[in-house]
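Visitor: My structure is in upload-v8.txt, and what it holds is compact mmCIF, C-alpha atoms:
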# COMPACT_ATOMS: atom_id res chain seq x y z
CA MET A 723 -12.07 60.21 -22.42
CA SER A 724 -11.10 60.47 -26.08
CA ALA A 725 -7.79 59.15 -27.32
CA LEU A 726 -5.04 61.65 -27.94
CA HIS A 727 -4.12 62.57 -31.50
CA PRO A 728 -0.78 61.00 -32.56
CA SER A 729 0.89 64.41 -32.55
CA ASP A 730 -0.47 65.11 -29.06
CA GLN A 731 0.72 61.71 -27.90
CA ALA A 732 4.21 62.49 -29.18
CA THR A 733 4.15 65.87 -27.44
CA HIS A 734 2.94 64.29 -24.20
CA ALA A 735 5.60 61.57 -24.40
CA ALA A 736 8.33 64.15 -25.04
CA ALA A 737 7.15 66.23 -22.09
CA ASP A 738 7.10 63.16 -19.85
CA THR A 739 10.61 62.22 -20.97
CA ARG A 740 11.88 65.73 -20.20
CA LYS A 741 10.22 65.58 -16.80
CA ARG A 742 11.88 62.26 -16.02
CA ILE A 743 15.29 63.50 -17.16
CA PHE A 744 14.88 66.57 -14.93
CA ALA A 745 13.96 64.25 -12.05
CA ILE A 746 17.14 62.21 -12.67
CA VAL A 747 19.23 65.40 -12.73
CA GLY A 748 17.57 66.80 -9.60
CA ALA A 749 18.01 63.61 -7.61
CA SER A 750 21.56 63.21 -8.91
CA SER A 751 22.60 66.68 -7.75
CA GLY A 752 21.77 65.83 -4.16
CA ASN A 753 23.40 62.44 -4.50
CA LEU A 754 26.57 64.13 -5.78
CA VAL A 755 26.76 66.44 -2.77
CA GLU A 756 25.95 63.68 -0.27
CA TRP A 757 28.81 61.52 -1.48
CA PHE A 758 31.26 64.41 -1.79
CA ASP A 759 30.62 65.25 1.85
CA PHE A 760 30.96 61.62 2.87
CA TYR A 761 34.13 60.82 0.90
CA ILE A 762 36.08 63.99 1.57
CA TYR A 763 36.71 62.51 5.01
CA SER A 764 38.57 59.54 3.53
CA PHE A 765 40.66 61.56 1.11
CA CYS A 766 41.62 64.27 3.63
CA SER A 767 42.38 61.82 6.44
CA ILE A 768 46.04 61.69 5.33
CA TYR A 769 46.30 65.27 6.58
CA PHE A 770 44.00 65.43 9.60
CA ALA A 771 44.76 61.99 11.11
CA PRO A 772 47.73 63.35 13.15
CA MET A 773 45.52 66.22 14.38
CA PHE A 774 43.10 63.79 16.09
CA PHE A 775 45.40 60.81 16.70
CA PRO A 776 48.86 62.32 17.33
CA SER A 777 50.54 59.18 18.68
CA GLY A 778 51.68 56.12 16.74
CA SER A 779 53.00 55.46 13.24
CA PRO A 780 51.35 56.85 10.08
CA THR A 781 49.75 53.44 9.49
CA THR A 782 48.29 53.45 13.03
CA GLN A 783 46.95 56.99 12.58
CA LEU A 784 45.33 56.05 9.28
CA ALA A 785 43.93 52.88 10.84
CA ASN A 786 42.30 54.98 13.57
CA THR A 787 40.64 57.31 11.06
CA ALA A 788 39.67 54.29 8.94
CA ALA A 789 38.04 52.76 12.03
CA ILE A 790 35.88 55.88 12.43
CA PHE A 791 35.13 55.71 8.69
CA ALA A 792 34.01 52.10 9.21
CA VAL A 793 31.95 52.90 12.33
CA GLY A 794 30.09 55.53 10.31
CA PHE A 795 29.01 52.71 8.02
CA PHE A 796 27.33 50.92 10.89
CA MET A 797 24.85 53.78 11.12
CA ARG A 798 23.83 53.01 7.55
CA PRO A 799 21.42 50.20 8.43
CA VAL A 800 19.70 52.56 10.87
CA GLY A 801 19.60 55.23 8.15
CA GLY A 802 18.40 52.68 5.59
CA TRP A 803 15.56 51.67 7.90
CA LEU A 804 14.64 55.19 9.03
CA PHE A 805 14.72 56.89 5.65
CA GLY A 806 13.30 53.86 3.87
CA ARG A 807 10.31 54.06 6.19
CA ILE A 808 9.97 57.80 5.59
CA ALA A 809 10.27 57.36 1.80
CA ASP A 810 7.68 54.57 1.66
CA LYS A 811 5.20 56.25 4.03
CA ARG A 812 5.79 59.97 3.36
CA GLY A 813 7.31 60.04 -0.12
CA ARG A 814 10.72 59.76 -1.77
CA ARG A 815 11.19 63.52 -2.11
CA THR A 816 10.68 64.17 1.61
CA ALA A 817 13.24 61.54 2.59
CA MET A 818 15.83 62.86 0.13
CA MET A 819 15.43 66.42 1.41
CA ILE A 820 15.95 65.38 5.03
CA SER A 821 19.01 63.25 4.24
CA VAL A 822 20.87 65.99 2.39
CA LEU A 823 20.13 68.46 5.20
CA MET A 824 21.60 66.05 7.76
CA MET A 825 24.73 65.60 5.65
CA CYS A 826 25.16 69.36 5.61
CA GLY A 827 25.12 69.45 9.41
CA GLY A 828 27.69 66.67 9.71
CA SER A 829 30.12 68.33 7.30
CA LEU A 830 29.83 71.68 9.05
CA MET A 831 30.53 70.02 12.39
CA ILE A 832 33.74 68.37 11.12
CA ALA A 833 34.88 71.65 9.55
CA CYS A 834 34.67 73.37 12.93
CA LEU A 835 36.06 70.61 15.18
CA PRO A 836 38.94 71.49 17.52
CA THR A 837 41.91 69.10 17.43
CA PHE A 838 43.43 66.76 20.03
CA ALA A 839 45.90 69.47 21.00
CA SER A 840 42.99 71.72 22.02
CA ILE A 841 40.52 69.42 23.77
CA GLY A 842 42.26 66.04 24.06
CA TYR A 843 40.26 62.84 23.62
CA ALA A 844 37.05 64.84 23.14
CA ALA A 845 38.31 65.67 19.62
CA PRO A 846 38.24 62.12 18.19
CA ALA A 847 35.00 61.51 20.12
CA LEU A 848 33.32 64.47 18.40
CA LEU A 849 34.77 63.37 15.07
CA LEU A 850 33.13 59.99 15.63
CA LEU A 851 29.81 61.67 16.47
CA ALA A 852 29.89 63.71 13.26
CA ARG A 853 30.63 60.59 11.20
CA LEU A 854 27.77 58.71 12.87
CA PHE A 855 25.48 61.56 11.88
CA GLN A 856 26.75 61.45 8.30
CA GLY A 857 26.50 57.65 8.25
CA LEU A 858 22.84 57.91 9.21
CA SER A 859 22.29 60.42 6.41
CA VAL A 860 24.09 58.54 3.66
CA GLY A 861 22.46 55.29 4.78
CA GLY A 862 19.14 56.86 3.93
CA GLU A 863 20.41 58.57 0.80
CA TYR A 864 21.36 55.44 -1.10
CA GLY A 865 18.05 53.65 -0.73
CA THR A 866 15.83 56.63 -1.42
CA SER A 867 17.83 57.98 -4.37
CA ALA A 868 18.29 54.49 -5.88
CA THR A 869 14.56 53.88 -5.57
CA TYR A 870 13.63 57.28 -6.94
CA MET A 871 15.97 57.16 -9.92
CA SER A 872 14.93 53.60 -10.78
CA GLU A 873 11.26 54.56 -10.66
CA VAL A 874 11.63 57.57 -12.93
CA ALA A 875 13.88 55.74 -15.43
CA LEU A 876 12.34 54.95 -18.81
CA GLU A 877 11.43 51.32 -19.49
CA GLY A 878 13.85 49.71 -21.93
CA ARG A 879 16.55 52.21 -20.94
CA ARG A 880 16.44 51.77 -17.19
CA GLY A 881 20.02 50.54 -17.00
CA PHE A 882 21.28 53.64 -18.77
CA PHE A 883 19.25 56.16 -16.74
CA ALA A 884 19.67 54.44 -13.37
CA SER A 885 23.45 54.33 -13.91
CA PHE A 886 23.54 58.06 -13.20
CA GLN A 887 23.19 57.28 -9.51
CA TYR A 888 26.75 55.93 -9.58
CA VAL A 889 27.82 58.65 -12.01
CA THR A 890 27.05 61.14 -9.26
CA LEU A 891 28.23 58.84 -6.46
CA ILE A 892 31.59 58.48 -8.20
CA GLY A 893 31.38 62.15 -9.13
CA GLY A 894 31.21 62.93 -5.42
CA GLN A 895 34.39 60.92 -4.92
CA LEU A 896 35.99 62.62 -7.91
CA LEU A 897 35.16 66.09 -6.65
CA ALA A 898 36.48 65.12 -3.24
CA VAL A 899 39.86 63.98 -4.55
CA LEU A 900 39.93 66.88 -7.05
CA ALA A 901 39.35 69.35 -4.20
CA LEU A 902 42.31 67.78 -2.41
CA VAL A 903 44.51 67.96 -5.53
CA ILE A 904 43.70 71.67 -5.92
CA LEU A 905 44.47 72.35 -2.27
CA GLN A 906 47.76 70.46 -2.63
CA GLN A 907 48.71 72.84 -5.43
CA LEU A 908 47.67 76.00 -3.55
CA LEU A 909 48.79 75.20 0.00
CA THR A 910 51.92 73.81 1.60
CA THR A 911 51.90 70.45 3.35
CA GLU A 912 52.16 72.27 6.69
CA GLN A 913 49.11 74.41 5.88
CA LEU A 914 47.11 71.35 4.82
CA HIS A 915 47.90 69.62 8.11
CA ALA A 916 47.16 72.73 10.16
CA TRP A 917 43.90 74.02 8.65
CA GLY A 918 43.66 73.43 4.90
CA TRP A 919 41.88 70.07 5.30
CA ARG A 920 38.87 71.92 6.76
CA ILE A 921 38.09 73.81 3.53
CA PRO A 922 36.42 70.92 1.62
CA PHE A 923 34.09 70.26 4.54
CA VAL A 924 32.92 73.88 4.48
CA LEU A 925 32.35 73.69 0.72
CA GLY A 926 30.43 70.45 1.16
CA ALA A 927 28.09 72.00 3.72
CA ILE A 928 27.34 74.93 1.41
CA ALA A 929 26.75 72.64 -1.59
CA ALA A 930 24.32 70.54 0.48
CA LEU A 931 22.11 73.60 0.96
CA VAL A 932 22.05 74.12 -2.82
CA ALA A 933 21.08 70.48 -3.33
CA LEU A 934 18.29 70.85 -0.77
CA TYR A 935 16.84 73.71 -2.83
CA LEU A 936 16.98 71.64 -6.04
CA ARG A 937 15.31 68.64 -4.44
CA LYS A 938 12.35 70.72 -3.37
CA SER A 939 11.23 70.87 -7.02
CA LEU A 940 11.29 67.10 -7.66
CA SER A 941 8.12 65.23 -8.61
CA GLU A 942 6.99 62.37 -6.36
CA THR A 943 7.05 58.79 -7.66
CA SER A 944 5.14 57.00 -4.91
CA THR A 945 1.35 57.36 -4.84
CA ALA A 946 -1.02 58.16 -1.99
CA GLU A 947 -2.42 54.64 -2.37
CA THR A 948 0.91 52.88 -1.85
CA ARG A 949 1.89 55.22 0.98
CA LYS A 950 -1.32 54.27 2.84
CA ASN A 951 -0.71 50.53 2.37
CA LYS A 952 -0.52 48.81 5.78
CA ASP A 953 2.84 47.28 4.81
CA ALA A 954 4.32 50.58 3.61
CA GLY A 955 7.73 51.13 5.16
CA THR A 956 7.35 48.34 7.72
CA LEU A 957 9.75 45.54 8.58
CA ALA A 958 6.82 43.12 8.62
CA GLY A 959 6.05 44.06 5.01
CA LEU A 960 9.71 43.75 4.05
CA MET A 961 10.03 40.29 5.60
CA LYS A 962 7.48 39.05 3.07
CA HIS A 963 10.38 39.43 0.60
CA LYS A 964 13.18 37.75 2.59
CA ARG A 965 14.69 36.09 -0.45
CA ALA A 966 15.10 39.46 -2.20
CA PHE A 967 16.56 40.98 0.97
CA LEU A 968 19.17 38.24 1.38
CA THR A 969 20.02 38.32 -2.32
CA VAL A 970 20.80 42.04 -2.15
CA VAL A 971 22.90 41.60 1.00
CA GLY A 972 24.80 38.79 -0.74
CA PHE A 973 25.90 40.62 -3.85
CA THR A 974 26.33 43.94 -2.00
CA ALA A 975 28.95 42.27 0.21
CA GLY A 976 31.29 41.63 -2.72
CA GLY A 977 30.28 44.66 -4.75
CA SER A 978 30.78 47.17 -1.96
CA LEU A 979 34.02 45.59 -0.75
CA ILE A 980 35.74 45.72 -4.14
CA PHE A 981 34.29 49.18 -4.88
CA TYR A 982 35.80 50.71 -1.75
CA THR A 983 39.04 48.79 -2.26
CA PHE A 984 39.69 50.36 -5.67
CA THR A 985 38.30 53.82 -4.89
CA THR A 986 38.61 55.23 -1.35
CA TYR A 987 41.29 52.84 -0.10
CA MET A 988 43.34 52.86 -3.30
CA GLN A 989 44.83 56.30 -2.68
CA LYS A 990 46.20 55.12 0.69
CA TYR A 991 47.34 51.84 -0.86
CA LEU A 992 49.40 53.67 -3.49
CA VAL A 993 51.00 55.85 -0.81
CA ASN A 994 51.34 53.39 2.07
CA THR A 995 52.16 50.19 0.14
CA ALA A 996 53.40 51.12 -3.35
CA GLY A 997 55.40 54.07 -1.97
CA MET A 998 54.02 56.81 -4.23
CA SER A 999 53.91 60.42 -3.08
CA ALA A 1000 50.53 61.68 -1.87
CA LYS A 1001 50.32 64.15 -4.77
CA THR A 1002 51.05 61.50 -7.40
CA ALA A 1003 48.54 59.09 -5.88
CA SER A 1004 45.87 61.80 -5.75
CA THR A 1005 46.46 62.68 -9.41
CA VAL A 1006 46.26 59.02 -10.49
CA MET A 1007 43.00 58.54 -8.58
CA THR A 1008 41.49 61.76 -9.92
CA VAL A 1009 41.94 60.67 -13.53
CA ALA A 1010 40.92 57.09 -12.74
CA LEU A 1011 37.71 58.19 -11.05
CA LEU A 1012 36.88 60.45 -13.99
CA VAL A 1013 37.20 57.55 -16.43
CA TYR A 1014 35.28 55.29 -14.05
CA MET A 1015 32.46 57.81 -13.80
CA LEU A 1016 32.18 58.00 -17.60
CA MET A 1017 32.03 54.20 -17.79
CA GLN A 1018 28.78 53.98 -15.84
CA PRO A 1019 26.28 54.97 -18.57
CA LEU A 1020 28.08 52.68 -21.03
CA PHE A 1021 27.82 49.67 -18.74
CA GLY A 1022 24.27 50.67 -17.79
CA ALA A 1023 23.28 50.73 -21.46
CA LEU A 1024 25.04 47.39 -21.91
CA SER A 1025 22.85 45.92 -19.17
CA ASP A 1026 19.78 47.00 -21.16
CA LYS A 1027 21.09 44.79 -23.99
CA ILE A 1028 22.45 41.74 -22.16
CA GLY A 1029 20.31 41.81 -19.01
CA ARG A 1030 20.96 42.77 -15.40
CA ARG A 1031 21.56 39.21 -14.21
CA THR A 1032 24.12 38.63 -16.96
CA SER A 1033 25.95 41.82 -15.96
CA MET A 1034 26.10 40.61 -12.37
CA LEU A 1035 27.48 37.22 -13.46
CA TRP A 1036 30.23 38.90 -15.47
CA PHE A 1037 31.08 41.10 -12.49
CA GLY A 1038 31.30 38.23 -10.03
CA ALA A 1039 33.35 35.96 -12.29
CA LEU A 1040 35.86 38.57 -13.48
CA ALA A 1041 36.31 40.15 -10.05
CA ALA A 1042 36.90 36.80 -8.37
CA VAL A 1043 39.61 35.91 -10.90
CA ALA A 1044 41.32 39.28 -11.42
CA THR A 1045 41.42 40.92 -7.96
CA VAL A 1046 44.43 39.09 -6.50
CA PRO A 1047 46.77 39.56 -9.50
CA ILE A 1048 45.77 43.23 -9.91
CA LEU A 1049 46.43 44.08 -6.25
CA HIS A 1050 49.73 42.15 -6.31
CA ALA A 1051 50.81 44.10 -9.40
CA LEU A 1052 49.83 47.42 -7.82
CA LYS A 1053 51.86 46.57 -4.72
CA ASP A 1054 55.09 46.66 -6.73
CA VAL A 1055 54.18 49.32 -9.29
CA THR A 1056 56.50 52.30 -9.69
CA ASP A 1057 55.16 53.92 -12.84
CA PRO A 1058 51.98 56.01 -12.23
CA TYR A 1059 50.77 55.23 -15.76
CA ALA A 1060 50.99 51.51 -15.07
CA ALA A 1061 49.13 52.04 -11.80
CA PHE A 1062 46.44 53.96 -13.64
CA GLY A 1063 46.02 51.15 -16.20
CA LEU A 1064 45.69 48.48 -13.53
CA ILE A 1065 43.15 50.52 -11.54
CA ILE A 1066 41.07 51.20 -14.67
CA LEU A 1067 41.04 47.47 -15.46
CA ALA A 1068 39.70 46.76 -11.97
CA LEU A 1069 37.14 49.57 -12.15
CA ALA A 1070 35.89 48.36 -15.54
CA ILE A 1071 35.12 45.01 -13.92
CA VAL A 1072 33.42 46.73 -10.97
CA SER A 1073 31.30 48.77 -13.43
CA PHE A 1074 29.30 45.65 -14.36
CA TYR A 1075 27.94 45.93 -10.80
CA THR A 1076 27.96 49.64 -9.94
CA SER A 1077 26.21 50.82 -13.12
CA ILE A 1078 23.07 48.84 -12.19
CA SER A 1079 23.56 48.56 -8.44
CA GLY A 1080 20.52 50.59 -7.40
CA LEU A 1081 18.29 49.42 -10.23
CA ILE A 1082 18.75 45.68 -9.75
CA LYS A 1083 17.86 46.11 -6.07
CA ALA A 1084 14.80 48.25 -6.80
CA GLU A 1085 13.48 45.66 -9.25
CA MET A 1086 13.25 43.10 -6.45
CA PHE A 1087 10.84 44.91 -4.13
CA PRO A 1088 7.22 46.15 -4.51
CA THR A 1089 6.51 49.88 -4.29
CA GLU A 1090 5.25 49.93 -0.70
CA VAL A 1091 8.54 48.60 0.74
CA ARG A 1092 10.92 49.40 -2.11
CA ALA A 1093 12.90 52.23 -0.48
CA LEU A 1094 13.11 50.30 2.80
CA GLY A 1095 14.10 47.09 1.02
CA VAL A 1096 16.77 48.74 -1.14
CA GLY A 1097 18.17 50.94 1.61
CA LEU A 1098 18.27 48.47 4.49
CA SER A 1099 19.57 45.42 2.59
CA TYR A 1100 22.27 47.51 0.89
CA ALA A 1101 23.22 49.20 4.16
CA VAL A 1102 23.65 45.88 6.00
CA GLY A 1103 25.94 44.43 3.32
CA ASN A 1104 27.78 47.71 2.91
CA ALA A 1105 28.34 48.23 6.63
CA LEU A 1106 29.71 44.73 7.17
CA PHE A 1107 31.97 44.58 4.12
CA GLY A 1108 32.28 47.89 2.23
CA GLY A 1109 32.74 50.20 5.19
CA THR A 1110 35.31 47.95 6.82
CA ALA A 1111 37.47 47.55 3.70
CA GLU A 1112 40.08 50.16 4.64
CA TYR A 1113 40.26 49.07 8.26
CA VAL A 1114 40.63 45.37 7.45
CA ALA A 1115 43.27 46.11 4.80
CA LEU A 1116 45.32 48.32 7.13
CA GLU A 1117 45.07 45.90 10.08
CA LEU A 1118 46.24 43.01 7.90
CA LYS A 1119 49.11 45.17 6.67
CA LYS A 1120 50.08 45.94 10.27
CA ALA A 1121 50.00 42.21 11.00
CA GLY A 1122 52.32 41.54 8.05
CA THR A 1123 49.78 39.58 5.99
CA GLU A 1124 48.58 42.21 3.54
CA SER A 1125 48.03 39.67 0.74
CA THR A 1126 45.31 38.00 2.84
CA PHE A 1127 43.16 41.04 2.08
CA TYR A 1128 43.48 40.37 -1.66
CA TRP A 1129 42.07 36.87 -1.24
CA TYR A 1130 39.34 38.16 1.05
CA VAL A 1131 38.11 40.55 -1.64
CA SER A 1132 38.30 37.83 -4.28
CA ALA A 1133 36.32 35.38 -2.13
CA MET A 1134 33.51 37.88 -1.51
CA CYS A 1135 33.25 38.57 -5.24
CA ALA A 1136 32.98 34.84 -5.84
CA LEU A 1137 30.06 34.86 -3.38
CA ALA A 1138 28.45 37.65 -5.45
CA PHE A 1139 28.72 35.40 -8.52
CA VAL A 1140 26.96 32.54 -6.72
CA VAL A 1141 24.18 34.83 -5.50
CA ALA A 1142 23.70 36.32 -8.97
CA TYR A 1143 23.59 32.82 -10.47
CA LYS A 1144 20.80 31.79 -8.11
CA MET A 1145 18.79 35.02 -8.25
CA ARG A 1146 15.59 35.45 -10.23
CA ASP A 1147 15.94 37.32 -13.51
CA PRO A 1148 14.71 40.86 -12.63
CA GLU A 1149 13.68 41.66 -16.21
CA LYS A 1150 11.35 38.64 -16.30
CA GLU A 1151 10.16 38.56 -12.70
CA GLY A 1152 10.98 42.10 -11.52
CA LEU A 1153 8.47 44.22 -9.61
CA LEU A 1154 9.46 47.62 -10.98
CA LYS A 1155 6.83 49.09 -13.29
CA ASP A 1156 6.45 52.47 -14.98
CA VAL A 1157 5.08 54.98 -12.50
CA PRO A 1158 3.38 58.36 -13.10
CA LEU A 1159 5.13 61.40 -11.70
CA GLU A 1160 3.10 63.44 -9.25
CA ALA A 1161 3.68 67.18 -9.45
CA SER A 1162 5.76 68.71 -6.69
CA LYS A 1163 3.99 71.19 -4.44
CA TYR A 1164 6.90 73.49 -5.28
CA THR A 1165 6.29 73.17 -9.03
CA SER A 1166 4.60 76.14 -10.68
CA ASP A 1167 1.33 75.89 -12.60
CA ALA A 1168 3.19 76.83 -15.77
CA GLN A 1169 5.63 73.95 -15.31
CA VAL A 1170 2.80 71.51 -14.74
CA ALA A 1171 1.02 72.76 -17.87
CA ALA A 1172 4.22 72.47 -19.90
CA ALA A 1173 4.75 68.89 -18.69
CA ARG A 1174 1.23 68.04 -19.82
Written as structure tokens, that's how I'd like the structure from this file.
Guide:
Amino acid sequence: MSALHPSDQATHAAADTRKRIFAIVGASSGNLVEWFDFYIYSFCSIYFAPMFFPSGSPTTQLANTAAIFAVGFFMRPVGGWLFGRIADKRGRRTAMMISVLMMCGGSLMIACLPTFASIGYAAPALLLLARLFQGLSVGGEYGTSATYMSEVALEGRRGFFASFQYVTLIGGQLLAVLALVILQQLLTTEQLHAWGWRIPFVLGAIAALVALYLRKSLSETSTAETRKNKDAGTLAGLMKHKRAFLTVVGFTAGGSLIFYTFTTYMQKYLVNTAGMSAKTASTVMTVALLVYMLMQPLFGALSDKIGRRTSMLWFGALAAVATVPILHALKDVTDPYAAFGLIILALAIVSFYTSISGLIKAEMFPTEVRALGVGLSYAVGNALFGGTAEYVALELKKAGTESTFYWYVSAMCALAFVVAYKMRDPEKEGLLKDVPLEASKYTSDAQVAAAR
């Protein structure tokens, strides 16, 4: 086969770049919807908690909904295993399509649930079932989308491109809190408690169907050869990389815990501890999440310059030192602008981790078990520490030792620093290589020709 003319090479390279950018956008759209559907539960729980748990104080009601939020996280390891296996044996695109469809079903179920007043204890039981279903879905979503976006990212700019996973993950949170802010402006508090909280779940279910359509057109990154590998998607194959698995669990513990502390739990913290109104807290978190989302490509690009391991070391060190004083300051804050500044400081530190979270995991596993390795190891660490963040914080507050939670978060971030210090440098010993993009069976002949 003759070599391509320089001009043809440039054209081919440009077409390949466009194809990879489209793949990032397509995968990101589904990721955005998945996380909107998952997080809207946390942000709306202020309003629907009394509908499912009518007895007890506001803190007890929130603790009950937080417990269900945490239990949903314990389905993530199952989802990480199930969808990781599907992604490694059947393809990344197939797994991502199934996960977003399942999230749609969970959101629609919550939107239609009767309350405690209508069916008694069956109401919180059904709410738990819906969250377990969504936990299974999002457990599979993280590993498959992180793997897919890392594989399509351009070498030398992988940190920048892979950061868009958290751009859309945070974007899902942002849209969730923004939807609540809009509803707070349009509806009365009584209407929000009665039925208004259901609206975002309906919107999430509809958006999931749109994302499903977009994902159908994605190119595949795994090859038939790797999918037929005897180790593909198997626990036996994954256990050949135990050190990588334990490394990911180690730094996910601290990374997920501090992420959920300063994102989903922070709105409740501002209301329940700092004494802000729900509307003010929602506004502060909306702007903070917007800034945080925009930080991700910047910190991802920074990791391309300084290295992924260095970024992780900065995250662990700064988070371990700064978490306790920031949370103490937020406890007594009265000015929303001061609260915003403190939260942004914390989120800037967290960005050293979140901007490369999926990529640094994907670089540790070979193609045949990459989705399983990324999804399952992340899900285990996230279920044990990230998903329980709200519940642990609220239980410690009920026990009168809220500051213990601050030290808990700090200690887990210190653990992330130790793990990052001992880990292999992924840019020197990483297993992620450039992969060709297979055409989607839904892609037209004209699109294939244009890409070539």
Visitor: Hey, which of A:Arg1146, A:Lys1001, A:Lys964, A:His1050 ends up closest to Thr911 of chain A? Count only C-alpha atoms.
Guide: A:Lys1001
Visitor: Mind checking which residues fall within 10 Å of segment 785-801 of chain A, counting only C-alpha atoms, ignoring those fewer than 5 positions away in the same chain, and posting them as a PyMOL selection string?
Guide: chain A and resi 760-761+763-764+767-768+770-772+774-775+778-780+806-807+821+846-847+849-865+987+1094+1097-1117+1120
Visitor: Using only C-alpha atoms, which protein or nucleic acid residues come within 8 Å of Ala884 of chain A? Drop anything in the same chain fewer than 5 positions from it, and give the result as a PyMOL selection string.
Guide: chain A and resi 868+871-872+875+1022+1077-1078+1080-1081
Visitor: When you count only C-alpha atoms, which of these residues is closest to Thr869 of chain A: A:Phe838, A:Trp919, A:Phe805, A:Phe1139?
Guide: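 So, comparing all the options, the nearest one is A:Phe805.
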Visitor: If you measure from atom CA of Leu1052 of chain A to atom CA of Thr995 of chain A, what distance in Å do you get, rounded to one decimal?
Guide: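 Atom CA of Thr995 of chain A lies at a distance of 8.7 Å from atom CA of Leu1052 of chain A.
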Visitor: If I only have part of segment 1054-1059 of chain A, can you fill in all heavy atoms and write it as an mmCIF file, in the frame of the given file?
Guide:
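Below is the file part_36.cif, written as the result:
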data_model
loop_
_atom_site.group_PDB
_atom_site.id
_atom_site.type_symbol
_atom_site.label_atom_id
_atom_site.label_comp_id
_atom_site.auth_asym_id
_atom_site.auth_seq_id
_atom_site.Cartn_x
_atom_site.Cartn_y
_atom_site.Cartn_z
ATOM 1 N N ASP A 1054 53.710 46.452 -6.283
ATOM 2 C CA ASP A 1054 55.090 46.660 -6.730
ATOM 3 C C ASP A 1054 55.218 47.684 -7.843
ATOM 4 O O ASP A 1054 56.302 47.855 -8.411
ATOM 5 C CB ASP A 1054 55.670 45.316 -7.222
ATOM 6 C CG ASP A 1054 55.652 44.248 -6.142
ATOM 7 O OD1 ASP A 1054 55.992 44.573 -4.990
ATOM 8 O OD2 ASP A 1054 55.287 43.089 -6.448
ATOM 9 N N VAL A 1055 54.147 48.378 -8.180
ATOM 10 C CA VAL A 1055 54.180 49.320 -9.290
ATOM 11 C C VAL A 1055 55.000 50.558 -8.927
ATOM 12 O O VAL A 1055 54.977 51.012 -7.777
ATOM 13 C CB VAL A 1055 52.735 49.720 -9.706
ATOM 14 C CG1 VAL A 1055 52.116 50.688 -8.705
ATOM 15 C CG2 VAL A 1055 52.723 50.322 -11.100
ATOM 16 N N THR A 1056 55.722 51.067 -9.889
ATOM 17 C CA THR A 1056 56.500 52.300 -9.690
ATOM 18 C C THR A 1056 56.079 53.386 -10.668
ATOM 19 O O THR A 1056 56.219 54.570 -10.382
ATOM 20 C CB THR A 1056 58.008 52.027 -9.860
ATOM 21 O OG1 THR A 1056 58.240 51.428 -11.146
ATOM 22 C CG2 THR A 1056 58.508 51.091 -8.766
ATOM 23 N N ASP A 1057 55.583 52.972 -11.815
ATOM 24 C CA ASP A 1057 55.160 53.920 -12.840
ATOM 25 C C ASP A 1057 53.697 54.302 -12.611
ATOM 26 O O ASP A 1057 52.820 53.436 -12.589
ATOM 27 C CB ASP A 1057 55.313 53.260 -14.218
ATOM 28 C CG ASP A 1057 54.933 54.193 -15.361
ATOM 29 O OD1 ASP A 1057 54.660 55.380 -15.093
ATOM 30 O OD2 ASP A 1057 54.903 53.721 -16.514
ATOM 31 N N PRO A 1058 53.377 55.600 -12.456
ATOM 32 C CA PRO A 1058 51.980 56.010 -12.230
ATOM 33 C C PRO A 1058 51.058 55.659 -13.392
ATOM 34 O O PRO A 1058 49.868 55.406 -13.184
ATOM 35 C CB PRO A 1058 52.080 57.529 -12.028
ATOM 36 C CG PRO A 1058 53.422 57.921 -12.559
ATOM 37 C CD PRO A 1058 54.294 56.737 -12.382
ATOM 38 N N TYR A 1059 51.602 55.609 -14.607
ATOM 39 C CA TYR A 1059 50.770 55.230 -15.760
ATOM 40 C C TYR A 1059 50.375 53.755 -15.693
ATOM 41 O O TYR A 1059 49.250 53.380 -16.027
ATOM 42 C CB TYR A 1059 51.512 55.518 -17.062
ATOM 43 C CG TYR A 1059 51.708 56.984 -17.343
ATOM 44 C CD1 TYR A 1059 52.922 57.604 -17.060
ATOM 45 C CD2 TYR A 1059 50.671 57.762 -17.864
ATOM 46 C CE1 TYR A 1059 53.107 58.958 -17.288
ATOM 47 C CE2 TYR A 1059 50.845 59.112 -18.101
ATOM 48 C CZ TYR A 1059 52.060 59.710 -17.814
ATOM 49 O OH TYR A 1059 52.241 61.049 -18.043
#
